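Following: one structure in structure tokens, then a few remarks.
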Amino acid sequence: MPSRVVLSIMVGGDAEDFAFAKPVLEAVGRTIVHVGPHGAGQTVKAANQLMVAGHLQLLAEALVLAEASEVDPVVAVEVLGGGLAGSTVLDRKSDTMLKRDFTPGFRLSLHHKDMGIVTAAAREAGVAIPLGSAVAQLIASLVARGDGGLDHSGLFKLTEELAGRTQQDLHLSGVDSCPE
């Protein structure tokens, strides 16, 4: 049986309108939260996408570092998952990164669009998002070179390239990067 996606819904607007719409929203989502006035739902969605992008990029960097240091990346993921670094991103995306299988789930092109919303929201709020801006540029680079159809875990692909790592390097170093 395929896994069922359960939506988290963040709603901005008047409290009365939220109360009226909540029964309908409960039909499609599990976590439904009134987050503030009009526009607040979009801001929280942007914050979510910012965090996901940051987690993906840091996971990619951690795996490239582990492999370059001849650490078994599967063991590294197990250890990372048991500590403060553990996350849903680690649980759901480390295997796809290690297998270099970027079959689309959430496409880089969609994350690129969302990171545009993030950077615009940050500008409008007058806040700096240095890591978010850097990840937005990495995602934009992947999309610009034609990788927008890949899953957003494809950030690993670019990170590996920027580190000067190739599949041949991995096999020569004895790292089994494609666990079964």
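Every chain in the structure tokens has a letter given in the order shown (A, B, ...), and although residue numbers restart at 1 in each chain, ligands are simply numbered from 1 in the order shown.
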
(message) Neighbouring residues of Ile129 in chain A were defined as those with any atom within 12 Å, considering only C-alpha atoms; residues of the same chain fewer than 5 positions away were excluded. Please report them as a ChimeraX atom specification.
(response) /A:46-47,50-51,54,115,118-123,134-136

Taking N, CA, C and O atoms for each residue, export the selection above as a tab-separated table (two decimals), in the first residue's frame.
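For reference, out_37.tsv as written:
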chain	number	residue	atom	x	y	z
A	46	ALA	N	6.93	29.54	3.84
A	46	ALA	CA	8.27	29.95	3.40
A	46	ALA	C	9.32	29.53	4.43
A	46	ALA	O	10.39	29.01	4.06
A	47	ALA	N	9.02	29.71	5.70
A	47	ALA	CA	9.96	29.30	6.75
A	47	ALA	C	10.20	27.80	6.71
A	47	ALA	O	11.34	27.32	6.89
A	50	LEU	N	12.45	27.06	3.76
A	50	LEU	CA	13.80	27.52	4.10
A	50	LEU	C	14.51	26.46	4.94
A	50	LEU	O	15.66	26.09	4.66
A	51	MET	N	13.82	25.94	5.95
A	51	MET	CA	14.44	24.93	6.81
A	51	MET	C	14.70	23.63	6.07
A	51	MET	O	15.76	23.01	6.22
A	54	GLY	N	17.75	24.13	3.85
A	54	GLY	CA	18.96	24.16	4.66
A	54	GLY	C	19.34	22.77	5.15
A	54	GLY	O	20.51	22.38	5.08
A	115	MET	N	11.91	28.94	-2.91
A	115	MET	CA	13.02	29.73	-2.37
A	115	MET	C	12.95	31.17	-2.87
A	115	MET	O	13.41	32.09	-2.19
A	118	VAL	N	10.71	32.61	-0.40
A	118	VAL	CA	11.47	32.80	0.85
A	118	VAL	C	12.30	34.07	0.79
A	118	VAL	O	12.26	34.90	1.71
A	119	THR	N	13.08	34.22	-0.27
A	119	THR	CA	13.97	35.38	-0.35
A	119	THR	C	13.17	36.68	-0.46
A	119	THR	O	13.56	37.69	0.12
A	120	ALA	N	12.03	36.64	-1.17
A	120	ALA	CA	11.18	37.83	-1.25
A	120	ALA	C	10.59	38.17	0.13
A	120	ALA	O	10.54	39.34	0.52
A	121	ALA	N	10.16	37.15	0.86
A	121	ALA	CA	9.60	37.38	2.20
A	121	ALA	C	10.66	37.96	3.13
A	121	ALA	O	10.38	38.87	3.93
A	122	ALA	N	11.89	37.46	3.02
A	122	ALA	CA	12.97	37.98	3.86
A	122	ALA	C	13.26	39.45	3.53
A	122	ALA	O	13.45	40.27	4.42
A	123	ARG	N	13.29	39.76	2.24
A	123	ARG	CA	13.51	41.16	1.83
A	123	ARG	C	12.41	42.04	2.38
A	123	ARG	O	12.66	43.11	2.93
A	134	ALA	N	22.27	31.34	0.27
A	134	ALA	CA	23.28	30.49	-0.37
A	134	ALA	C	22.63	29.23	-0.95
A	134	ALA	O	22.91	28.83	-2.09
A	135	VAL	N	21.74	28.60	-0.18
A	135	VAL	CA	21.07	27.40	-0.67
A	135	VAL	C	20.16	27.74	-1.84
A	135	VAL	O	20.07	26.98	-2.81
A	136	ALA	N	19.49	28.89	-1.79
A	136	ALA	CA	18.65	29.32	-2.91
A	136	ALA	C	19.49	29.43	-4.18
A	136	ALA	O	19.05	29.05	-5.27

Distance query range 21-35 of chain A at most 7 Å, only C-alpha atoms, self and fewer than 2 positions along chain excluded, as a PDB file with all heavy atoms, in the first residue's frame:
ATOM      1  N   VAL A   6       0.375  13.233   4.465  1.00  0.00           N
ATOM      2  CA  VAL A   6      -0.499  13.946   5.387  1.00  0.00           C
ATOM      3  C   VAL A   6      -0.040  15.395   5.416  1.00  0.00           C
ATOM      4  O   VAL A   6       1.115  15.683   5.715  1.00  0.00           O
ATOM      5  CB  VAL A   6      -0.437  13.326   6.800  1.00  0.00           C
ATOM      6  CG1 VAL A   6      -1.336  14.092   7.747  1.00  0.00           C
ATOM      7  CG2 VAL A   6      -0.838  11.855   6.746  1.00  0.00           C
ATOM      8  N   LEU A   7      -0.941  16.271   5.081  1.00  0.00           N
ATOM      9  CA  LEU A   7      -0.600  17.682   4.984  1.00  0.00           C
ATOM     10  C   LEU A   7      -0.624  18.377   6.332  1.00  0.00           C
ATOM     11  O   LEU A   7      -1.463  18.091   7.181  1.00  0.00           O
ATOM     12  CB  LEU A   7      -1.582  18.397   4.057  1.00  0.00           C
ATOM     13  CG  LEU A   7      -1.622  17.949   2.605  1.00  0.00           C
ATOM     14  CD1 LEU A   7      -2.722  18.709   1.873  1.00  0.00           C
ATOM     15  CD2 LEU A   7      -0.285  18.156   1.937  1.00  0.00           C
ATOM     16  N   SER A   8       0.306  19.305   6.472  1.00  0.00           N
ATOM     17  CA  SER A   8       0.247  20.286   7.548  1.00  0.00           C
ATOM     18  C   SER A   8      -0.224  21.567   6.887  1.00  0.00           C
ATOM     19  O   SER A   8       0.301  21.962   5.845  1.00  0.00           O
ATOM     20  CB  SER A   8       1.626  20.502   8.177  1.00  0.00           C
ATOM     21  OG  SER A   8       2.026  19.366   8.878  1.00  0.00           O
ATOM     22  N   ILE A   9      -1.228  22.177   7.471  1.00  0.00           N
ATOM     23  CA  ILE A   9      -1.826  23.365   6.860  1.00  0.00           C
ATOM     24  C   ILE A   9      -1.678  24.531   7.820  1.00  0.00           C
ATOM     25  O   ILE A   9      -2.111  24.466   8.972  1.00  0.00           O
ATOM     26  CB  ILE A   9      -3.314  23.124   6.525  1.00  0.00           C
ATOM     27  CG1 ILE A   9      -3.445  21.910   5.600  1.00  0.00           C
ATOM     28  CG2 ILE A   9      -3.939  24.371   5.915  1.00  0.00           C
ATOM     29  CD1 ILE A   9      -4.870  21.454   5.378  1.00  0.00           C
ATOM     30  N   MET A  10      -1.026  25.589   7.324  1.00  0.00           N
ATOM     31  CA  MET A  10      -0.866  26.797   8.104  1.00  0.00           C
ATOM     32  C   MET A  10      -1.735  27.870   7.463  1.00  0.00           C
ATOM     33  O   MET A  10      -1.663  28.079   6.267  1.00  0.00           O
ATOM     34  CB  MET A  10       0.606  27.216   8.212  1.00  0.00           C
ATOM     35  CG  MET A  10       1.365  27.467   6.940  1.00  0.00           C
ATOM     36  SD  MET A  10       1.854  26.075   5.884  1.00  0.00           S
ATOM     37  CE  MET A  10       2.899  25.073   6.832  1.00  0.00           C
ATOM     38  N   VAL A  11      -2.584  28.474   8.266  1.00  0.00           N
ATOM     39  CA  VAL A  11      -3.596  29.379   7.736  1.00  0.00           C
ATOM     40  C   VAL A  11      -3.424  30.767   8.324  1.00  0.00           C
ATOM     41  O   VAL A  11      -3.310  30.933   9.536  1.00  0.00           O
ATOM     42  CB  VAL A  11      -5.022  28.857   8.077  1.00  0.00           C
ATOM     43  CG1 VAL A  11      -6.089  29.786   7.507  1.00  0.00           C
ATOM     44  CG2 VAL A  11      -5.206  27.436   7.579  1.00  0.00           C
ATOM     45  N   GLY A  12      -3.429  31.745   7.435  1.00  0.00           N
ATOM     46  CA  GLY A  12      -3.458  33.135   7.852  1.00  0.00           C
ATOM     47  C   GLY A  12      -4.826  33.711   7.564  1.00  0.00           C
ATOM     48  O   GLY A  12      -5.487  33.290   6.617  1.00  0.00           O
ATOM     49  N   ASP A  17     -12.944  33.369  10.266  1.00  0.00           N
ATOM     50  CA  ASP A  17     -12.889  32.690   8.970  1.00  0.00           C
ATOM     51  C   ASP A  17     -12.172  31.347   9.103  1.00  0.00           C
ATOM     52  O   ASP A  17     -12.579  30.348   8.501  1.00  0.00           O
ATOM     53  CB  ASP A  17     -12.178  33.559   7.931  1.00  0.00           C
ATOM     54  CG  ASP A  17     -12.971  34.816   7.588  1.00  0.00           C
ATOM     55  OD1 ASP A  17     -14.208  34.822   7.793  1.00  0.00           O
ATOM     56  OD2 ASP A  17     -12.349  35.782   7.109  1.00  0.00           O
ATOM     57  N   PHE A  18     -11.112  31.326   9.905  1.00  0.00           N
ATOM     58  CA  PHE A  18     -10.392  30.075  10.142  1.00  0.00           C
ATOM     59  C   PHE A  18     -11.308  29.047  10.797  1.00  0.00           C
ATOM     60  O   PHE A  18     -11.363  27.889  10.371  1.00  0.00           O
ATOM     61  CB  PHE A  18      -9.154  30.322  11.015  1.00  0.00           C
ATOM     62  CG  PHE A  18      -8.480  29.052  11.458  1.00  0.00           C
ATOM     63  CD1 PHE A  18      -7.753  28.281  10.563  1.00  0.00           C
ATOM     64  CD2 PHE A  18      -8.595  28.611  12.775  1.00  0.00           C
ATOM     65  CE1 PHE A  18      -7.135  27.102  10.966  1.00  0.00           C
ATOM     66  CE2 PHE A  18      -7.985  27.433  13.188  1.00  0.00           C
ATOM     67  CZ  PHE A  18      -7.256  26.679  12.277  1.00  0.00           C
ATOM     68  N   ALA A  19     -12.044  29.456  11.822  1.00  0.00           N
ATOM     69  CA  ALA A  19     -12.948  28.536  12.517  1.00  0.00           C
ATOM     70  C   ALA A  19     -13.995  27.970  11.560  1.00  0.00           C
ATOM     71  O   ALA A  19     -14.326  26.780  11.613  1.00  0.00           O
ATOM     72  CB  ALA A  19     -13.627  29.245  13.695  1.00  0.00           C
ATOM     73  N   ALA A  40       0.204  35.351   6.944  1.00  0.00           N
ATOM     74  CA  ALA A  40       1.029  34.604   7.898  1.00  0.00           C
ATOM     75  C   ALA A  40       1.211  33.148   7.473  1.00  0.00           C
ATOM     76  O   ALA A  40       2.267  32.553   7.709  1.00  0.00           O
ATOM     77  CB  ALA A  40       0.422  34.685   9.299  1.00  0.00           C
ATOM     78  N   GLY A  41       0.197  32.562   6.851  1.00  0.00           N
ATOM     79  CA  GLY A  41       0.324  31.180   6.379  1.00  0.00           C
ATOM     80  C   GLY A  41       1.420  31.052   5.344  1.00  0.00           C
ATOM     81  O   GLY A  41       2.226  30.108   5.378  1.00  0.00           O
TER      82      GLY A  41
END

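You will find CA of Ala163 in chain A at 15.5 Å from CA of Arg100 in chain A.
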
Range 129-166 of chain A near range 87-97 of chain A within 9 Å: what's each residue's closest atom pair and its distance in Å to one decimal, counting only C-alpha atoms, ordered by chain then ascending residue number, as CSV?
residue,atom,partner,partner_atom,distance
A:Ser153,CA,A:Lys93,CA,6.3
A:Gly154,CA,A:Met97,CA,7.3
A:Leu155,CA,A:Met97,CA,8.7
A:Phe156,CA,A:Met97,CA,6.2
A:Lys157,CA,A:Met97,CA,8.1

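With only C-alpha atoms as the atoms that count, the minimum distance from Glu61 in chain A to the choices A:Thr159, A:Ala76, A:Val143, A:Gly164 is reached by A:Thr159.
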
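In this comparison, which uses only C-alpha atoms, the residue of A:Leu110, A:Val44, A:Leu162, A:Val127 approaching Ala140 in chain A most closely is A:Leu110.
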
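The nearest approach to Gly149 in chain A among the residues A:Val71, A:Leu59, A:Val77, A:Leu108, with only C-alpha atoms taken into account, belongs to A:Leu108.
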
(message) Nearest residue to Pro104 in chain A out of A:Leu142, A:Glu67, A:Gly81, A:His152, using only C-alpha atoms?
(response) A:His152

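Considering only range 10-178 of chain A, backbone DSSP assigns strand (DSSP E) to Met10, Val11, Gly12, Gly29, Arg30, Thr31, Ile32, Val33, His34, Val35 and Gly36 of chain A.
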
(request) Write out as number ranges by chain each polymer residue whose atoms come within 8 Å of Ala68 in chain A, counting only C-alpha atoms; drop sequence neighbours fewer than 3 positions from it. (result) A: 64-65, 71, 165, 170

(message) Please report the interatomic distance between CA of Lys45 in chain A and CA of Gly132 in chain A in Å with one decimal.
(response) 14.1 Å

(request) Write out as a PyMOL selection string all residues of range 35-109 of chain A that DSSP puts in helix (DSSP H, G or I) for this structure's backbone. (result) chain A and resi 40-68+73-81+88-99+108-109

Take the residues that were just selected and, keeping N, CA and C atoms, output them as a compact mmCIF listing (two decimals), in the first residue's frame.
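Just written: part-v9.txt:
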# COMPACT_ATOMS: atom_id res chain seq x y z
N ALA A 40 0.20 35.35 6.94
CA ALA A 40 1.03 34.60 7.90
C ALA A 40 1.21 33.15 7.47
N GLY A 41 0.20 32.56 6.85
CA GLY A 41 0.32 31.18 6.38
C GLY A 41 1.42 31.05 5.34
N GLN A 42 1.48 32.02 4.43
CA GLN A 42 2.53 32.03 3.40
C GLN A 42 3.91 32.19 4.05
N THR A 43 4.00 33.01 5.08
CA THR A 43 5.28 33.21 5.77
C THR A 43 5.75 31.93 6.44
N VAL A 44 4.83 31.22 7.10
CA VAL A 44 5.22 29.97 7.77
C VAL A 44 5.58 28.91 6.73
N LYS A 45 4.87 28.87 5.60
CA LYS A 45 5.23 27.94 4.52
C LYS A 45 6.63 28.26 4.01
N ALA A 46 6.93 29.54 3.84
CA ALA A 46 8.27 29.95 3.40
C ALA A 46 9.32 29.53 4.43
N ALA A 47 9.02 29.71 5.70
CA ALA A 47 9.96 29.30 6.75
C ALA A 47 10.20 27.80 6.71
N ASN A 48 9.15 27.03 6.45
CA ASN A 48 9.29 25.58 6.32
C ASN A 48 10.21 25.22 5.16
N GLN A 49 9.98 25.82 4.01
CA GLN A 49 10.80 25.53 2.84
C GLN A 49 12.25 25.97 3.05
N LEU A 50 12.45 27.06 3.76
CA LEU A 50 13.80 27.52 4.10
C LEU A 50 14.51 26.46 4.94
N MET A 51 13.82 25.94 5.95
CA MET A 51 14.44 24.93 6.81
C MET A 51 14.70 23.63 6.07
N VAL A 52 13.78 23.21 5.21
CA VAL A 52 13.98 21.97 4.45
C VAL A 52 15.19 22.12 3.53
N ALA A 53 15.28 23.24 2.84
CA ALA A 53 16.42 23.46 1.93
C ALA A 53 17.73 23.46 2.71
N GLY A 54 17.75 24.13 3.85
CA GLY A 54 18.96 24.16 4.66
C GLY A 54 19.34 22.77 5.15
N HIS A 55 18.36 22.01 5.62
CA HIS A 55 18.63 20.64 6.08
C HIS A 55 19.16 19.78 4.96
N LEU A 56 18.54 19.89 3.77
CA LEU A 56 19.01 19.09 2.63
C LEU A 56 20.45 19.41 2.29
N GLN A 57 20.77 20.70 2.25
CA GLN A 57 22.13 21.09 1.88
C GLN A 57 23.14 20.62 2.94
N LEU A 58 22.81 20.79 4.20
CA LEU A 58 23.73 20.36 5.25
C LEU A 58 23.88 18.85 5.29
N LEU A 59 22.81 18.11 5.01
CA LEU A 59 22.91 16.66 4.91
C LEU A 59 23.83 16.28 3.76
N ALA A 60 23.67 16.93 2.62
CA ALA A 60 24.54 16.65 1.47
C ALA A 60 25.99 16.89 1.84
N GLU A 61 26.27 18.00 2.50
CA GLU A 61 27.64 18.32 2.88
C GLU A 61 28.19 17.32 3.89
N ALA A 62 27.35 16.90 4.85
CA ALA A 62 27.79 15.93 5.85
C ALA A 62 28.14 14.59 5.19
N LEU A 63 27.33 14.17 4.22
CA LEU A 63 27.60 12.90 3.55
C LEU A 63 28.83 12.97 2.68
N VAL A 64 29.02 14.08 1.98
CA VAL A 64 30.23 14.25 1.17
C VAL A 64 31.46 14.25 2.08
N LEU A 65 31.37 14.94 3.21
CA LEU A 65 32.49 14.96 4.16
C LEU A 65 32.79 13.55 4.67
N ALA A 66 31.76 12.81 5.05
CA ALA A 66 31.96 11.45 5.56
C ALA A 66 32.63 10.57 4.51
N GLU A 67 32.10 10.60 3.30
CA GLU A 67 32.67 9.77 2.24
C GLU A 67 34.10 10.17 1.91
N ALA A 68 34.38 11.46 1.86
CA ALA A 68 35.73 11.93 1.55
C ALA A 68 36.72 11.55 2.65
N PRO A 73 29.25 5.96 5.05
CA PRO A 73 28.17 6.95 5.17
C PRO A 73 26.90 6.38 5.79
N VAL A 74 26.67 5.09 5.64
CA VAL A 74 25.49 4.48 6.25
C VAL A 74 25.62 4.52 7.78
N VAL A 75 26.81 4.24 8.27
CA VAL A 75 27.06 4.31 9.71
C VAL A 75 26.96 5.75 10.18
N ALA A 76 27.49 6.67 9.40
CA ALA A 76 27.41 8.09 9.77
C ALA A 76 25.96 8.53 9.89
N VAL A 77 25.11 8.12 8.95
CA VAL A 77 23.69 8.48 8.99
C VAL A 77 23.04 7.90 10.24
N GLU A 78 23.39 6.67 10.59
CA GLU A 78 22.83 6.05 11.78
C GLU A 78 23.19 6.85 13.03
N VAL A 79 24.43 7.25 13.12
CA VAL A 79 24.88 8.02 14.29
C VAL A 79 24.22 9.40 14.30
N LEU A 80 24.22 10.07 13.16
CA LEU A 80 23.60 11.40 13.09
C LEU A 80 22.13 11.35 13.45
N GLY A 81 21.44 10.30 13.01
CA GLY A 81 20.02 10.17 13.27
C GLY A 81 19.70 9.95 14.74
N THR A 88 13.61 14.63 10.06
CA THR A 88 12.81 13.99 9.03
C THR A 88 13.56 14.02 7.71
N VAL A 89 14.26 15.11 7.42
CA VAL A 89 15.05 15.19 6.19
C VAL A 89 16.10 14.09 6.19
N LEU A 90 16.81 13.91 7.28
CA LEU A 90 17.82 12.85 7.37
C LEU A 90 17.17 11.49 7.14
N ASP A 91 16.04 11.25 7.80
CA ASP A 91 15.36 9.96 7.67
C ASP A 91 14.87 9.69 6.26
N ARG A 92 14.34 10.70 5.60
CA ARG A 92 13.72 10.49 4.29
C ARG A 92 14.65 10.67 3.10
N LYS A 93 15.72 11.43 3.26
CA LYS A 93 16.52 11.78 2.08
C LYS A 93 17.94 11.23 2.08
N SER A 94 18.45 10.75 3.21
CA SER A 94 19.83 10.26 3.21
C SER A 94 20.00 9.07 2.28
N ASP A 95 19.04 8.16 2.26
CA ASP A 95 19.16 6.97 1.42
C ASP A 95 19.17 7.34 -0.06
N THR A 96 18.32 8.30 -0.46
CA THR A 96 18.30 8.70 -1.87
C THR A 96 19.62 9.37 -2.26
N MET A 97 20.18 10.14 -1.34
CA MET A 97 21.47 10.76 -1.61
C MET A 97 22.56 9.69 -1.74
N LEU A 98 22.59 8.75 -0.82
CA LEU A 98 23.62 7.72 -0.85
C LEU A 98 23.52 6.84 -2.09
N LYS A 99 22.31 6.61 -2.56
CA LYS A 99 22.10 5.80 -3.77
C LYS A 99 22.23 6.63 -5.04
N LEU A 108 13.33 19.93 -7.70
CA LEU A 108 14.16 21.12 -7.48
C LEU A 108 13.51 22.36 -8.07
N SER A 109 12.83 22.24 -9.21
CA SER A 109 12.20 23.41 -9.82
C SER A 109 11.12 23.99 -8.91

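With CA of His111 in chain A on one side and CA of Leu150 in chain A on the other, the separation reads 10.6 Å.
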
(message) as number ranges by chain, please: the residues near Asp14 in chain A (cut-off 8 Å, only C-alpha atoms, same-chain neighbours under 4 positions excluded).
(response) A: 18, 36-38
